[in-house]
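> Take a look at this one; I'll ask things after.
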Amino acid sequence: MKLINFKWQQLILSLGCVLLIIACQSLYPTTNPDAKPLKVATDPTFIPFEIQTASGNLEGFDIDLMNAIGLVAGFAVQFESLPFDGTISTLQAKRVDAAISGITITAERLKTIAFSRPYFKAGLAMSTTGYAYAVKEDNKNIKDFKSLKGKKIAVQIGSTGADFAKTIPNAKISTFNSGPEFFQDLLNGNVDAVVSDAFATLYAIKNGKLKGIRVVADLLTQEYYGIATPKDSPHLDAINKGIATLLSNGTYKQIYQKWFDAEPPQLPF
């Protein structure tokens with residue numbers, strides 16, 4: 001009797017494992033050994049979209065999303081770390097097949113490169129040390145966009161935040177290669193405010209990485225991120241179909257909730 005029960009337990013356990021594998025494969029298909037390599041540039045300093053761990057591995061919202069797209073679209077994604085301000089020229093030279101790094105879709109960028117359908121709704125925020133600029137928590141002087149006139153503003157090179165800062169009257173703009181650098185300059189009191197991506201700033205504050213910094217007022221802009229490719233890329237259609245699949249099968253929602261603990265907003269096609 002004990003032997004029979006043991007065999008049934010083994011059978012039930014085996015069936016359970018098979019069903020679990022099938023369920024996982026339906027959401028995250030097994031990588032095709034014949035999948036075509038897709039070289040994807042990313043700047044691993046844009047937390048929580050791109051993060052390089054102490055062991056050198058890449059993780060983050062964009063990394064998870066691109067890997068999931070590769071699985072459903074039949075690509076073997078190969079990431080290549082690259083400074084953000086060199087992304088556009090690298091794509092133009094076709095040294096990589098695509099780039100994902102919180103890259104805002106703009107009319108100016110569309111003149112030289114192509115974009116996938118939007119995969120993330122974002123916006124610029126202003127931070128200070130005093131929602132959408134960052135400042136020091138004890139800074140009571142910067143309350144809105146008008147307060148930035150003539151102030152020292154930090155931005156990331158090549159970002160839409162850098163473009164936006166140029167519209168601030170008499171602003172003294174400092175440029176940096178990465179977010180951690182300009183936030184540290186803000187904490188040190190070398191600049192009055194930072195103009196950067198709202199989600200990245202709020203995530204860093206929430207997780208205790210930016211103690212002493214707060215976000216001021218509302219979003220300065222509404223933007224959409226896209227996966228960038230060279231013009232006439234043969235991979236763009238497959239990337240777009242991959243995004244559509246992830247949106248429809250629930251994978252996109254799972255990745256979004258993993259990193260932002262919220263329901264994802266509706267995205268335009």
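We label chains A, B, ... in the order they appear in the structure tokens, count residues from 1 in each chain, and number ligands from 1 in the order shown.
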Which neighbours of region 48-64 of chain A fall inside 8 Å, counting only C-alpha atoms, when residues of the same chain fewer than 6 positions from it are skipped, and could you give them as an MDAnalysis selection string?
chainID A and resid 42 100:102 200 203:204 255:256 259
> Residues within 10 Å of Gly226 (chain A), please, as a ChimeraX atom specification. Count only C-alpha atoms; anything in the same chain fewer than 4 positions from it doesn't count.
/A:99-106,114-121,240
> Could you save those same residues with C-alpha atoms as a PDB file, in the first residue's frame?

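Written output follows (result.pdb):
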```pdb
ATOM      1  CA  ALA A  99      19.520  50.417 -28.161  1.00  0.00           C
ATOM      2  CA  ILE A 100      17.354  50.486 -25.049  1.00  0.00           C
ATOM      3  CA  SER A 101      18.185  52.933 -22.275  1.00  0.00           C
ATOM      4  CA  GLY A 102      15.171  55.090 -21.502  1.00  0.00           C
ATOM      5  CA  ILE A 103      15.530  56.794 -24.886  1.00  0.00           C
ATOM      6  CA  THR A 104      12.768  59.334 -25.468  1.00  0.00           C
ATOM      7  CA  ILE A 105      11.131  59.332 -28.890  1.00  0.00           C
ATOM      8  CA  THR A 106      11.591  62.829 -30.337  1.00  0.00           C
ATOM      9  CA  ALA A 114      14.184  54.796 -36.061  1.00  0.00           C
ATOM     10  CA  PHE A 115      12.127  53.836 -33.020  1.00  0.00           C
ATOM     11  CA  SER A 116       9.886  50.968 -32.037  1.00  0.00           C
ATOM     12  CA  ARG A 117       6.356  51.624 -30.865  1.00  0.00           C
ATOM     13  CA  PRO A 118       6.372  53.304 -27.413  1.00  0.00           C
ATOM     14  CA  TYR A 119       7.089  50.870 -24.603  1.00  0.00           C
ATOM     15  CA  PHE A 120       7.072  53.253 -21.606  1.00  0.00           C
ATOM     16  CA  LYS A 121       5.234  56.435 -20.635  1.00  0.00           C
ATOM     17  CA  ASN A 240       7.356  45.808 -32.527  1.00  0.00           C
TER      18      ASN A 240
END
```
> Please extract the residues of region 20-245 of chain A with a backbone DSSP assignment of strand (DSSP E or B) and present them as a ChimeraX atom specification.
/A:36-42,51-52,58-59,75-81,98-99,104,113-115,120-122,124-129,132-136,152-156,172-176,193-197,213-216,223-225,228-230
> Counting only C-alpha atoms, which of A:Leu124, A:Ile47, A:Ala193, A:Ala107 gets nearest to Thr160 (chain A)?
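For Thr160 (chain A), the nearest of the candidates is A:Leu124.
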> Which of region 169-229 of chain A counts as alpha helix (DSSP H) under DSSP, as a PyMOL selection string please?
chain A and resi 179-187+198-206
